[in-house]
file model_20.cif (mmCIF, C-alpha atoms)
data_structure
#
loop_
_atom_site.label_atom_id
_atom_site.label_comp_id
_atom_site.auth_asym_id
_atom_site.auth_seq_id
_atom_site.Cartn_x
_atom_site.Cartn_y
_atom_site.Cartn_z
CA MET A 1 -16.25 -77.85 -15.13
CA SER A 2 -16.68 -75.24 -17.85
CA ALA A 3 -14.18 -74.80 -20.65
CA LEU A 4 -12.94 -71.63 -18.98
CA TRP A 5 -12.10 -73.31 -15.69
CA VAL A 6 -10.40 -76.20 -17.48
CA ALA A 7 -8.27 -73.64 -19.30
CA ILE A 8 -7.52 -71.72 -16.09
CA VAL A 9 -6.35 -74.81 -14.18
CA ALA A 10 -4.42 -76.28 -17.10
CA VAL A 11 -2.67 -73.01 -17.95
CA THR A 12 -1.76 -72.45 -14.30
CA LEU A 13 -0.23 -75.92 -13.94
CA ALA A 14 1.58 -75.70 -17.27
CA SER A 15 2.89 -72.21 -16.55
CA ALA A 16 4.15 -73.21 -13.10
CA ALA A 17 5.82 -76.30 -14.58
CA ILE A 18 7.49 -74.26 -17.30
CA LYS A 19 8.89 -71.80 -14.74
CA ALA A 20 10.00 -74.64 -12.44
CA ALA A 21 11.60 -76.79 -15.14
CA GLY A 22 14.80 -74.78 -15.59
CA PRO A 23 15.51 -74.26 -11.88
CA ILE A 24 14.88 -77.97 -11.09
CA LEU A 25 16.55 -79.62 -14.07
CA VAL A 26 19.49 -77.33 -14.57
CA GLY A 27 20.29 -76.33 -10.99
CA GLY A 28 23.97 -75.63 -11.16
CA ARG A 29 24.58 -77.95 -14.08
CA GLU A 30 26.21 -76.90 -17.33
CA LEU A 31 24.35 -77.38 -20.63
CA PRO A 32 26.10 -77.97 -23.97
CA PRO A 33 27.06 -74.59 -25.46
CA ARG A 34 24.92 -75.18 -28.57
CA VAL A 35 21.84 -75.84 -26.44
CA ASN A 36 22.53 -72.66 -24.50
CA ALA A 37 22.92 -70.74 -27.74
CA VAL A 38 19.49 -71.89 -28.96
CA ILE A 39 17.91 -71.14 -25.58
CA ALA A 40 19.41 -67.65 -25.55
CA LEU A 41 17.78 -66.88 -28.91
CA LEU A 42 14.31 -68.03 -27.80
CA ALA A 43 13.69 -64.78 -25.93
CA PRO A 44 14.32 -62.35 -28.84
CA ALA A 45 12.46 -64.68 -31.23
CA LEU A 46 9.39 -64.93 -28.99
CA LEU A 47 9.37 -61.22 -28.16
CA ALA A 48 9.60 -60.27 -31.84
CA ALA A 49 6.72 -62.59 -32.68
CA LEU A 50 4.66 -61.12 -29.81
CA VAL A 51 5.24 -57.57 -31.04
CA VAL A 52 4.19 -58.53 -34.58
CA THR A 53 1.07 -60.48 -33.61
CA GLU A 54 -0.15 -57.91 -31.09
CA THR A 55 0.60 -54.89 -33.27
CA PHE A 56 -0.59 -56.13 -36.66
CA GLY A 57 -2.88 -59.08 -35.92
CA ASP A 58 -6.60 -58.53 -35.42
CA ASP A 59 -9.22 -60.73 -33.78
CA ASN A 60 -10.16 -62.31 -37.09
CA GLY A 61 -6.74 -63.60 -38.04
CA HIS A 62 -5.90 -60.80 -40.46
CA LEU A 63 -2.83 -58.60 -40.67
CA VAL A 64 -3.94 -54.98 -40.37
CA LEU A 65 -2.24 -51.59 -40.27
CA ASP A 66 -4.17 -49.44 -37.79
CA GLU A 67 -3.66 -47.01 -34.90
CA ARG A 68 -1.76 -49.66 -32.93
CA ALA A 69 1.03 -49.67 -35.50
CA LEU A 70 1.32 -45.89 -35.14
CA GLY A 71 1.54 -46.12 -31.34
CA VAL A 72 4.04 -48.96 -31.32
CA GLY A 73 6.02 -47.15 -34.02
CA VAL A 74 6.30 -44.08 -31.81
CA ALA A 75 7.42 -46.33 -28.95
CA ALA A 76 10.08 -47.80 -31.25
CA VAL A 77 11.41 -44.31 -32.03
CA ALA A 78 11.38 -43.39 -28.34
CA LEU A 79 13.26 -46.57 -27.43
CA ALA A 80 15.78 -45.97 -30.20
CA LEU A 81 16.39 -42.55 -28.62
CA ARG A 82 17.01 -44.36 -25.30
CA ALA A 83 13.80 -43.16 -23.66
CA PRO A 84 12.82 -45.00 -20.46
CA VAL A 85 10.55 -47.99 -20.97
CA LEU A 86 7.62 -46.41 -19.12
CA LEU A 87 7.79 -43.25 -21.24
CA ALA A 88 7.88 -45.26 -24.46
CA VAL A 89 4.91 -47.37 -23.39
CA ALA A 90 2.94 -44.30 -22.25
CA LEU A 91 3.66 -42.55 -25.58
CA ALA A 92 2.41 -45.61 -27.46
CA ALA A 93 -0.88 -45.55 -25.57
CA LEU A 94 -1.23 -41.76 -25.93
CA VAL A 95 -0.53 -41.71 -29.67
CA THR A 96 -2.87 -44.65 -30.29
CA ALA A 97 -5.64 -43.00 -28.27
CA LEU A 98 -5.18 -39.65 -30.08
CA ALA A 99 -5.14 -41.36 -33.48
CA ARG A 100 -8.42 -43.10 -32.65
CA LEU A 101 -9.90 -39.83 -31.39
CA PHE A 102 -9.03 -37.81 -34.48
CA GLY A 103 -8.68 -40.61 -37.05
CA MET B 1 25.64 -74.42 -4.28
CA ARG B 2 25.67 -71.67 -1.72
CA ASN B 3 28.90 -70.10 -2.81
CA GLU B 4 27.24 -67.26 -4.71
CA ALA B 5 28.02 -63.86 -3.38
CA GLU B 6 25.59 -63.04 -0.58
CA ARG B 7 24.04 -59.65 -0.94
CA GLY B 8 22.96 -57.53 1.94
CA GLY B 9 19.34 -57.35 3.06
CA GLY B 10 18.93 -54.48 0.58
CA GLY B 11 18.78 -56.89 -2.38
CA TYR B 12 15.06 -57.63 -2.10
CA LEU B 13 14.20 -54.03 -1.25
CA ALA B 14 16.17 -52.67 -4.21
CA GLY B 15 14.29 -55.15 -6.39
CA VAL B 16 10.93 -54.00 -5.01
CA ARG B 17 11.84 -50.39 -5.81
CA ALA B 18 12.93 -51.29 -9.33
CA GLY B 19 9.72 -53.24 -9.85
CA LEU B 20 7.39 -50.41 -8.79
CA PRO B 21 7.22 -48.56 -12.14
CA PHE B 22 6.56 -51.85 -13.91
CA ALA B 23 3.87 -52.58 -11.34
CA LEU B 24 2.10 -49.41 -12.54
CA VAL B 25 2.00 -50.71 -16.10
CA THR B 26 1.08 -54.18 -14.88
CA GLY B 27 -1.81 -52.69 -12.91
CA VAL B 28 -3.17 -50.88 -15.96
CA VAL B 29 -2.81 -54.00 -18.09
CA ALA B 30 -4.52 -56.01 -15.34
CA ILE B 31 -7.45 -53.58 -15.36
CA SER B 32 -7.79 -54.06 -19.11
CA PHE B 33 -7.65 -57.83 -18.60
CA GLY B 34 -10.41 -57.63 -16.00
CA VAL B 35 -12.56 -55.49 -18.30
CA LEU B 36 -11.93 -57.83 -21.24
CA ALA B 37 -12.72 -60.93 -19.16
CA ARG B 38 -15.94 -59.37 -17.92
CA SER B 39 -16.95 -58.42 -21.46
CA LEU B 40 -16.46 -62.06 -22.48
CA GLY B 41 -18.94 -63.14 -19.84
CA TRP B 42 -16.40 -64.73 -17.49
CA GLY B 43 -18.12 -63.34 -14.42
CA ILE B 44 -16.25 -61.98 -11.42
CA LEU B 45 -14.64 -64.97 -9.72
CA ALA B 46 -12.95 -66.68 -12.67
CA PRO B 47 -10.82 -63.74 -13.90
CA ILE B 48 -9.66 -62.95 -10.35
CA VAL B 49 -8.76 -66.57 -9.58
CA PHE B 50 -7.04 -66.75 -12.95
CA SER B 51 -4.85 -63.74 -12.09
CA VAL B 52 -4.04 -64.99 -8.58
CA ILE B 53 -2.98 -68.51 -9.52
CA THR B 54 -1.56 -67.97 -13.01
CA PHE B 55 -0.09 -64.46 -12.75
CA SER B 56 0.75 -64.29 -16.42
CA ALA B 57 -0.54 -61.48 -18.61
CA SER B 58 0.42 -63.07 -21.91
CA ALA B 59 -1.07 -66.48 -21.04
CA GLN B 60 -4.27 -64.98 -19.68
CA PHE B 61 -4.75 -62.65 -22.66
CA ALA B 62 -4.05 -65.60 -24.96
CA VAL B 63 -6.79 -67.67 -23.30
CA ALA B 64 -9.16 -64.69 -23.54
CA ALA B 65 -8.27 -64.15 -27.20
CA VAL B 66 -8.80 -67.77 -28.23
CA LEU B 67 -11.93 -68.47 -26.18
CA GLY B 68 -13.32 -65.04 -27.04
CA ALA B 69 -12.89 -65.77 -30.75
CA GLY B 70 -14.82 -68.99 -30.33
CA GLY B 71 -11.74 -71.22 -30.23
CA GLY B 72 -11.54 -74.50 -28.34
CA VAL B 73 -10.12 -75.15 -24.87
CA PHE B 74 -7.17 -77.08 -26.23
CA ALA B 75 -6.27 -74.26 -28.62
CA ALA B 76 -6.51 -71.76 -25.74
CA ILE B 77 -4.26 -73.85 -23.49
CA ALA B 78 -1.81 -74.48 -26.32
CA ALA B 79 -1.61 -70.77 -27.15
CA ALA B 80 -0.97 -69.86 -23.51
CA VAL B 81 1.65 -72.58 -23.09
CA LEU B 82 3.38 -71.53 -26.29
CA LEU B 83 3.44 -67.90 -25.15
CA ASN B 84 4.85 -68.89 -21.76
CA ALA B 85 7.41 -71.24 -23.27
CA ARG B 86 9.81 -68.29 -23.04
CA PHE B 87 9.92 -68.80 -19.28
CA LEU B 88 11.74 -72.08 -19.90
CA PRO B 89 14.93 -70.48 -21.23
CA MET B 90 14.57 -67.67 -18.68
CA GLY B 91 14.37 -70.31 -15.92
CA VAL B 92 17.39 -72.11 -17.26
CA ALA B 93 19.31 -68.83 -17.24
CA VAL B 94 18.54 -67.93 -13.62
CA ALA B 95 18.73 -71.53 -12.33
CA PRO B 96 22.35 -71.40 -11.10
CA PHE B 97 21.56 -68.39 -8.91
CA LEU B 98 18.52 -69.77 -7.09
CA LYS B 99 18.90 -71.41 -3.70
CA GLY B 100 18.03 -74.64 -1.90
CA GLY B 101 16.70 -77.99 -3.07
CA PRO B 102 14.48 -78.75 -6.09
CA LEU B 103 11.24 -77.68 -4.38
CA ARG B 104 12.57 -74.33 -3.23
CA ARG B 105 14.18 -73.70 -6.61
CA ALA B 106 10.87 -74.50 -8.29
CA LEU B 107 9.10 -72.02 -6.02
CA GLU B 108 11.70 -69.31 -6.56
CA GLY B 109 11.37 -69.90 -10.30
CA GLN B 110 7.73 -68.76 -10.07
CA ALA B 111 9.07 -65.23 -9.52
CA ILE B 112 10.20 -65.16 -13.15
CA VAL B 113 8.27 -62.56 -15.14
CA ASP B 114 9.64 -60.61 -18.08
CA PRO B 115 10.45 -57.28 -16.37
CA SER B 116 11.95 -58.88 -13.24
CA TRP B 117 14.02 -61.28 -15.28
CA ALA B 118 15.31 -58.44 -17.44
CA LEU B 119 15.93 -56.17 -14.44
CA ALA B 120 17.86 -58.90 -12.58
CA ASN B 121 20.09 -59.60 -15.57
CA ARG B 122 23.60 -58.57 -14.53
CA GLY B 123 25.22 -59.43 -17.87
CA GLY B 124 27.62 -62.22 -18.66
CA GLY B 125 24.93 -64.77 -17.80
CA ARG B 126 24.69 -63.64 -14.17
CA PHE B 127 21.43 -62.93 -12.37
CA ASP B 128 20.58 -61.23 -9.07
CA ARG B 129 18.18 -63.62 -7.29
CA GLU B 130 17.03 -61.25 -4.53
CA PHE B 131 16.54 -58.40 -7.01
CA MET B 132 14.38 -60.58 -9.28
CA ILE B 133 12.16 -61.87 -6.47
CA GLY B 134 11.82 -58.39 -4.97
CA ALA B 135 10.86 -56.86 -8.33
CA THR B 136 8.10 -59.43 -8.83
CA VAL B 137 6.32 -58.72 -5.52
CA PRO B 138 4.75 -55.32 -6.44
CA GLN B 139 3.92 -56.58 -9.93
CA PHE B 140 2.01 -59.55 -8.51
CA ALA B 141 0.11 -57.28 -6.14
CA ALA B 142 -0.71 -54.87 -8.99
CA TRP B 143 -1.77 -57.73 -11.25
CA VAL B 144 -4.30 -59.04 -8.73
CA VAL B 145 -5.61 -55.63 -7.60
CA GLY B 146 -5.83 -54.38 -11.19
CA THR B 147 -7.80 -57.45 -12.25
CA VAL B 148 -10.27 -56.91 -9.40
CA VAL B 149 -10.69 -53.25 -10.39
CA GLY B 150 -11.16 -54.13 -14.06
CA VAL B 151 -13.68 -56.87 -13.36
CA LEU B 152 -15.75 -54.65 -11.07
CA ALA B 153 -15.57 -51.58 -13.34
CA ASP B 154 -17.49 -53.35 -16.08
CA ASP B 155 -19.19 -50.14 -17.20
CA VAL B 156 -15.97 -48.88 -18.74
CA VAL B 157 -16.00 -51.56 -21.46
CA GLY B 158 -14.63 -49.99 -24.62
CA ASP B 159 -12.40 -47.58 -22.74
CA VAL B 160 -9.46 -49.96 -23.08
CA GLU B 161 -9.26 -49.28 -26.80
CA ARG B 162 -10.34 -45.65 -26.58
CA LEU B 163 -7.48 -44.92 -24.16
CA GLY B 164 -5.01 -46.84 -26.31
CA LEU B 165 -4.31 -49.28 -23.49
CA ASP B 166 -4.28 -52.22 -25.88
CA VAL B 167 -0.90 -51.13 -27.23
CA ILE B 168 0.73 -51.20 -23.82
CA PHE B 169 1.53 -54.84 -24.35
CA PRO B 170 3.20 -54.79 -27.76
CA ALA B 171 5.02 -51.58 -26.77
CA PHE B 172 6.27 -53.21 -23.59
CA PHE B 173 7.34 -56.40 -25.42
CA LEU B 174 9.11 -54.16 -27.92
CA ALA B 175 11.01 -52.52 -25.06
CA LEU B 176 12.09 -55.94 -23.76
CA LEU B 177 13.05 -56.95 -27.29
CA VAL B 178 15.23 -53.86 -27.64
CA VAL B 179 17.07 -54.86 -24.46
CA GLU B 180 17.58 -58.35 -25.87
CA LEU B 181 18.83 -57.03 -29.20
CA ARG B 182 21.26 -54.57 -27.58
CA SER B 183 22.83 -57.35 -25.49
CA GLY B 184 22.41 -60.30 -27.85
CA GLY B 185 24.38 -59.20 -30.91
CA LYS B 186 23.86 -60.05 -34.56
CA ARG B 187 22.41 -63.50 -34.01
CA ALA B 188 19.72 -62.15 -31.69
CA ILE B 189 18.81 -59.55 -34.34
CA ALA B 190 18.70 -62.22 -37.05
CA ALA B 191 16.60 -64.54 -34.89
CA ALA B 192 14.18 -61.72 -34.06
CA ALA B 193 13.87 -60.71 -37.73
CA ILE B 194 13.19 -64.29 -38.84
CA ALA B 195 10.73 -64.81 -35.99
CA ALA B 196 8.88 -61.59 -36.83
CA ALA B 197 8.66 -62.57 -40.51
CA LEU B 198 7.44 -66.09 -39.69
CA ALA B 199 4.82 -64.77 -37.26
CA ALA B 200 3.57 -62.17 -39.75
CA ALA B 201 3.38 -64.76 -42.51
CA LEU B 202 1.42 -67.20 -40.37
CA VAL B 203 -1.06 -64.86 -38.65
CA PRO B 204 -3.54 -64.98 -41.59
CA PHE B 205 -3.42 -68.78 -41.86
CA ALA B 206 -2.70 -70.30 -38.45
CA PRO B 207 -4.70 -70.36 -35.20
CA PRO B 208 -3.50 -68.07 -32.35
CA GLY B 209 -0.33 -69.40 -30.75
CA VAL B 210 0.95 -71.21 -33.82
CA PRO B 211 2.81 -68.13 -35.12
CA MET B 212 4.60 -68.15 -31.74
CA LEU B 213 5.59 -71.80 -32.17
CA ALA B 214 6.92 -71.07 -35.63
CA ALA B 215 8.87 -68.13 -34.21
CA CYS B 216 10.76 -70.53 -31.90
CA VAL B 217 12.25 -72.17 -35.01
CA ALA B 218 14.28 -68.97 -35.48
CA ALA B 219 16.17 -69.78 -32.27
CA LEU B 220 17.74 -72.77 -34.06
CA LEU B 221 20.07 -70.14 -35.55
CA GLY B 222 21.95 -70.79 -32.32
CA LEU B 223 23.11 -74.14 -33.76
CA ARG B 224 25.06 -72.34 -36.46
CA GLY B 225 28.70 -71.51 -36.03
CA ARG B 226 30.50 -70.59 -32.87
CA PRO B 227 28.36 -70.43 -29.75
CA SER B 228 28.41 -66.97 -28.24
#
call {"tool": "encode", "arguments": {"input": "model_20.cif", "output": "structure tokens"}}
result
Amino acid sequence: MSALWVAIVAVTLASAAIKAAGPILVGGRELPPRVNAVIALLAPALLAALVVTETFGDDNGHLVLDERALGVGVAAVALALRAPVLLAVALAALVTALARLFG
Amino acid sequence: MRNEAERGGGGYLAGVRAGLPFALVTGVVAISFGVLARSLGWGILAPIVFSVITFSASAQFAVAAVLGAGGGVFAAIAAAVLLNARFLPMGVAVAPFLKGGPLRRALEGQAIVDPSWALANRGGGRFDREFMIGATVPQFAAWVVGTVVGVLADDVVGDVERLGLDVIFPAFFLALLVVELRSGGKRAIAAAAIAAALAAALVPFAPPGVPMLAACVAALLGLRGRPS
């Protein structure tokens, strides 16, 4: 099996296990409040890291400031003004595309 | 555990309707994944199978990013697993509202994707099971169809960046983050800020995925003080 297929199968199994773990292990059970507090903060932490790496990271492991930052910045302003998610995302793509066209 | 309030048959349908706009975005992202996969020489079958059985944009893009940059299989798998680690806390959160025995709960847990999970959040730690499952259905369909379109439309390579489609993802994650920050209070904001700083600091030095692992450390803020 090629490296790609190994990755596909392994990621599928791991992803399914991750999604199944909570529902199976927790069921209706209560977790200690401190554990819950840590778990609750995983989502904002991971999302923030995703935004940073996908906005400022390039393929070569450098931090760069390019048209993506402009697009995501416009999305941030739109979201701050309570724009719908789809509008904010569409604006990000539009601004990034225009910046690349005229930049 | 069947004492949760039963919703009418409209629960799934309402979820499907709520998921439709996200399915549009998912479809566009799926097309860009298909195009990217094809440009990496993955052929036609592998990207489509990948989308059908994994159904995870972040994990699939992570594998493409690592393998495409010449990284190893283990690094690719690790990056994808680290990215999808967020489904663990999401699964824990919805667990009390799923139905049946362990197997059925495990299957229902597969419906967890970011938009559906966020849409089904009813506040106060409550989740709408039917709404979440319903919202995932059109997104799954769009993910698979979009991948097929992207893989077959291999002559549009380059258009993903020209059309600015590569920022759909960070913009969408930002939107989800904003929802988290508005509901999560000061500690969520602090955790996000620390995670963002850690990720930015590590991008130049660490392989893909590691900045995500470091970001998880920020969640340990939850150990401090009074649990919310």
call {"tool": "residues_around", "arguments": {"input": "model_20.cif", "residues": "segment 5-12 of chain A", "least_positions_apart": "6", "cutoff": "7 Å", "atoms": "all atoms listed in the file", "output": "list in words"}}
result
Phe50, Ile53, Thr54, Val73, Ala76, Ile77, Ala80 and Val81 of chain B
call {"tool": "resolve_selection", "arguments": {"input": "model_20.cif", "expression": "the PyMOL selection byres ((chain A) within 7 of (chain B))", "output": "PyMOL selection string"}}
result
chain A and resi 3+7-8+10-12+14-16+18-24+26-28+33-34+37-55+57+59+61-63+68+71-72+75+79+85+89+92-94+96-97+100
call {"tool": "write_last_selection", "arguments": {"input": "model_20.cif", "atoms": "C-alpha atoms", "output": "PDB file, keeping the file's coordinate frame"}}
result
ATOM      1  CA  ALA A   3     -14.180 -74.800 -20.650  1.00  0.00           C
ATOM      2  CA  ALA A   7      -8.270 -73.640 -19.300  1.00  0.00           C
ATOM      3  CA  ILE A   8      -7.520 -71.720 -16.090  1.00  0.00           C
ATOM      4  CA  ALA A  10      -4.420 -76.280 -17.100  1.00  0.00           C
ATOM      5  CA  VAL A  11      -2.670 -73.010 -17.950  1.00  0.00           C
ATOM      6  CA  THR A  12      -1.760 -72.450 -14.300  1.00  0.00           C
ATOM      7  CA  ALA A  14       1.580 -75.700 -17.270  1.00  0.00           C
ATOM      8  CA  SER A  15       2.890 -72.210 -16.550  1.00  0.00           C
ATOM      9  CA  ALA A  16       4.150 -73.210 -13.100  1.00  0.00           C
ATOM     10  CA  ILE A  18       7.490 -74.260 -17.300  1.00  0.00           C
ATOM     11  CA  LYS A  19       8.890 -71.800 -14.740  1.00  0.00           C
ATOM     12  CA  ALA A  20      10.000 -74.640 -12.440  1.00  0.00           C
ATOM     13  CA  ALA A  21      11.600 -76.790 -15.140  1.00  0.00           C
ATOM     14  CA  GLY A  22      14.800 -74.780 -15.590  1.00  0.00           C
ATOM     15  CA  PRO A  23      15.510 -74.260 -11.880  1.00  0.00           C
ATOM     16  CA  ILE A  24      14.880 -77.970 -11.090  1.00  0.00           C
ATOM     17  CA  VAL A  26      19.490 -77.330 -14.570  1.00  0.00           C
ATOM     18  CA  GLY A  27      20.290 -76.330 -10.990  1.00  0.00           C
ATOM     19  CA  GLY A  28      23.970 -75.630 -11.160  1.00  0.00           C
ATOM     20  CA  PRO A  33      27.060 -74.590 -25.460  1.00  0.00           C
ATOM     21  CA  ARG A  34      24.920 -75.180 -28.570  1.00  0.00           C
ATOM     22  CA  ALA A  37      22.920 -70.740 -27.740  1.00  0.00           C
ATOM     23  CA  VAL A  38      19.490 -71.890 -28.960  1.00  0.00           C
ATOM     24  CA  ILE A  39      17.910 -71.140 -25.580  1.00  0.00           C
ATOM     25  CA  ALA A  40      19.410 -67.650 -25.550  1.00  0.00           C
ATOM     26  CA  LEU A  41      17.780 -66.880 -28.910  1.00  0.00           C
ATOM     27  CA  LEU A  42      14.310 -68.030 -27.800  1.00  0.00           C
ATOM     28  CA  ALA A  43      13.690 -64.780 -25.930  1.00  0.00           C
ATOM     29  CA  PRO A  44      14.320 -62.350 -28.840  1.00  0.00           C
ATOM     30  CA  ALA A  45      12.460 -64.680 -31.230  1.00  0.00           C
ATOM     31  CA  LEU A  46       9.390 -64.930 -28.990  1.00  0.00           C
ATOM     32  CA  LEU A  47       9.370 -61.220 -28.160  1.00  0.00           C
ATOM     33  CA  ALA A  48       9.600 -60.270 -31.840  1.00  0.00           C
ATOM     34  CA  ALA A  49       6.720 -62.590 -32.680  1.00  0.00           C
ATOM     35  CA  LEU A  50       4.660 -61.120 -29.810  1.00  0.00           C
ATOM     36  CA  VAL A  51       5.240 -57.570 -31.040  1.00  0.00           C
ATOM     37  CA  VAL A  52       4.190 -58.530 -34.580  1.00  0.00           C
ATOM     38  CA  THR A  53       1.070 -60.480 -33.610  1.00  0.00           C
ATOM     39  CA  GLU A  54      -0.150 -57.910 -31.090  1.00  0.00           C
ATOM     40  CA  THR A  55       0.600 -54.890 -33.270  1.00  0.00           C
ATOM     41  CA  GLY A  57      -2.880 -59.080 -35.920  1.00  0.00           C
ATOM     42  CA  ASP A  59      -9.220 -60.730 -33.780  1.00  0.00           C
ATOM     43  CA  GLY A  61      -6.740 -63.600 -38.040  1.00  0.00           C
ATOM     44  CA  HIS A  62      -5.900 -60.800 -40.460  1.00  0.00           C
ATOM     45  CA  LEU A  63      -2.830 -58.600 -40.670  1.00  0.00           C
ATOM     46  CA  ARG A  68      -1.760 -49.660 -32.930  1.00  0.00           C
ATOM     47  CA  GLY A  71       1.540 -46.120 -31.340  1.00  0.00           C
ATOM     48  CA  VAL A  72       4.040 -48.960 -31.320  1.00  0.00           C
ATOM     49  CA  ALA A  75       7.420 -46.330 -28.950  1.00  0.00           C
ATOM     50  CA  LEU A  79      13.260 -46.570 -27.430  1.00  0.00           C
ATOM     51  CA  VAL A  85      10.550 -47.990 -20.970  1.00  0.00           C
ATOM     52  CA  VAL A  89       4.910 -47.370 -23.390  1.00  0.00           C
ATOM     53  CA  ALA A  92       2.410 -45.610 -27.460  1.00  0.00           C
ATOM     54  CA  ALA A  93      -0.880 -45.550 -25.570  1.00  0.00           C
ATOM     55  CA  LEU A  94      -1.230 -41.760 -25.930  1.00  0.00           C
ATOM     56  CA  THR A  96      -2.870 -44.650 -30.290  1.00  0.00           C
ATOM     57  CA  ALA A  97      -5.640 -43.000 -28.270  1.00  0.00           C
ATOM     58  CA  ARG A 100      -8.420 -43.100 -32.650  1.00  0.00           C
TER      59      ARG A 100
END
call {"tool": "axis_aligned_box", "arguments": {"input": "model_20.cif", "around": "segment 133-137 of chain B", "padding_each_side": "8 Å", "output": "lines of an AutoDock Vina configuration file"}}
result
center_x = 9.2
center_y = -59.4
center_z = -6.9
size_x = 21.8
size_y = 21.0
size_z = 19.9
call {"tool": "resolve_selection", "arguments": {"input": "model_20.cif", "expression": "the PyMOL selection byres ((chain B and resi 27-35) around 6)", "output": "short mmCIF file (atom, residue, chain, number, x, y, z; two decimals) with C-alpha atoms, in the coordinates of the input"}}
result
data_model
loop_
_atom_site.label_atom_id
_atom_site.label_comp_id
_atom_site.auth_asym_id
_atom_site.auth_seq_id
_atom_site.Cartn_x
_atom_site.Cartn_y
_atom_site.Cartn_z
CA ALA B 23 3.87 -52.58 -11.34
CA LEU B 24 2.10 -49.41 -12.54
CA VAL B 25 2.00 -50.71 -16.10
CA THR B 26 1.08 -54.18 -14.88
CA LEU B 36 -11.93 -57.83 -21.24
CA ALA B 37 -12.72 -60.93 -19.16
CA ARG B 38 -15.94 -59.37 -17.92
CA ALA B 142 -0.71 -54.87 -8.99
CA TRP B 143 -1.77 -57.73 -11.25
CA GLY B 146 -5.83 -54.38 -11.19
CA THR B 147 -7.80 -57.45 -12.25
CA VAL B 149 -10.69 -53.25 -10.39
CA GLY B 150 -11.16 -54.13 -14.06
CA VAL B 151 -13.68 -56.87 -13.36
CA ASP B 154 -17.49 -53.35 -16.08
CA VAL B 160 -9.46 -49.96 -23.08
#
call {"tool": "atom_distance", "arguments": {"input": "model_20.cif", "atom1": "atom CA of Leu20 of chain B", "atom2": "atom CA of Ala135 of chain B"}}
result
7.3 Å
call {"tool": "atom_distance", "arguments": {"input": "model_20.cif", "atom1": "atom CA of Gly134 of chain B", "atom2": "atom CA of Pro84 of chain A"}}
result
20.5 Å
call {"tool": "atom_distance", "arguments": {"input": "model_20.cif", "atom1": "atom CA of Asp58 of chain A", "atom2": "atom CA of Ile44 of chain B"}}
result
26.1 Å
call {"tool": "closest_residue", "arguments": {"input": "model_20.cif", "among": "B:Ser116, B:Gly70, B:Val145, B:Arg17", "to": "Asp128 of chain B", "atoms": "only C-alpha atoms"}}
result
B:Ser116
call {"tool": "build_atoms", "arguments": {"input": "model_20.cif", "residues": "segment 12-21 of chain A", "atoms": "N, CA, C and O atoms", "output": "PDB file, keeping the file's coordinate frame"}}
result
ATOM      1  N   THR A  12      -2.491 -72.698 -15.542  1.00  0.00           N
ATOM      2  CA  THR A  12      -1.760 -72.450 -14.300  1.00  0.00           C
ATOM      3  C   THR A  12      -0.720 -73.543 -14.052  1.00  0.00           C
ATOM      4  O   THR A  12       0.445 -73.245 -13.746  1.00  0.00           O
ATOM      5  N   LEU A  13      -1.150 -74.812 -14.180  1.00  0.00           N
ATOM      6  CA  LEU A  13      -0.230 -75.920 -13.940  1.00  0.00           C
ATOM      7  C   LEU A  13       0.910 -75.915 -14.961  1.00  0.00           C
ATOM      8  O   LEU A  13       2.081 -76.088 -14.604  1.00  0.00           O
ATOM      9  N   ALA A  14       0.553 -75.689 -16.228  1.00  0.00           N
ATOM     10  CA  ALA A  14       1.580 -75.700 -17.270  1.00  0.00           C
ATOM     11  C   ALA A  14       2.561 -74.549 -17.077  1.00  0.00           C
ATOM     12  O   ALA A  14       3.780 -74.737 -17.194  1.00  0.00           O
ATOM     13  N   SER A  15       2.019 -73.375 -16.729  1.00  0.00           N
ATOM     14  CA  SER A  15       2.890 -72.210 -16.550  1.00  0.00           C
ATOM     15  C   SER A  15       3.837 -72.403 -15.373  1.00  0.00           C
ATOM     16  O   SER A  15       5.033 -72.093 -15.459  1.00  0.00           O
ATOM     17  N   ALA A  16       3.297 -72.954 -14.268  1.00  0.00           N
ATOM     18  CA  ALA A  16       4.150 -73.210 -13.100  1.00  0.00           C
ATOM     19  C   ALA A  16       5.223 -74.233 -13.436  1.00  0.00           C
ATOM     20  O   ALA A  16       6.384 -74.091 -13.027  1.00  0.00           O
ATOM     21  N   ALA A  17       4.852 -75.260 -14.204  1.00  0.00           N
ATOM     22  CA  ALA A  17       5.820 -76.300 -14.580  1.00  0.00           C
ATOM     23  C   ALA A  17       6.913 -75.742 -15.472  1.00  0.00           C
ATOM     24  O   ALA A  17       8.094 -76.081 -15.316  1.00  0.00           O
ATOM     25  N   ILE A  18       6.507 -74.858 -16.395  1.00  0.00           N
ATOM     26  CA  ILE A  18       7.490 -74.260 -17.300  1.00  0.00           C
ATOM     27  C   ILE A  18       8.509 -73.436 -16.506  1.00  0.00           C
ATOM     28  O   ILE A  18       9.719 -73.517 -16.730  1.00  0.00           O
ATOM     29  N   LYS A  19       7.990 -72.644 -15.531  1.00  0.00           N
ATOM     30  CA  LYS A  19       8.890 -71.800 -14.740  1.00  0.00           C
ATOM     31  C   LYS A  19       9.763 -72.638 -13.807  1.00  0.00           C
ATOM     32  O   LYS A  19      10.878 -72.239 -13.466  1.00  0.00           O
ATOM     33  N   ALA A  20       9.244 -73.812 -13.374  1.00  0.00           N
ATOM     34  CA  ALA A  20      10.000 -74.640 -12.440  1.00  0.00           C
ATOM     35  C   ALA A  20      11.027 -75.525 -13.141  1.00  0.00           C
ATOM     36  O   ALA A  20      12.019 -75.929 -12.532  1.00  0.00           O
ATOM     37  N   ALA A  21      10.771 -75.815 -14.422  1.00  0.00           N
ATOM     38  CA  ALA A  21      11.600 -76.790 -15.140  1.00  0.00           C
ATOM     39  C   ALA A  21      13.080 -76.419 -15.136  1.00  0.00           C
ATOM     40  O   ALA A  21      13.929 -77.243 -14.756  1.00  0.00           O
TER      41      ALA A  21
END
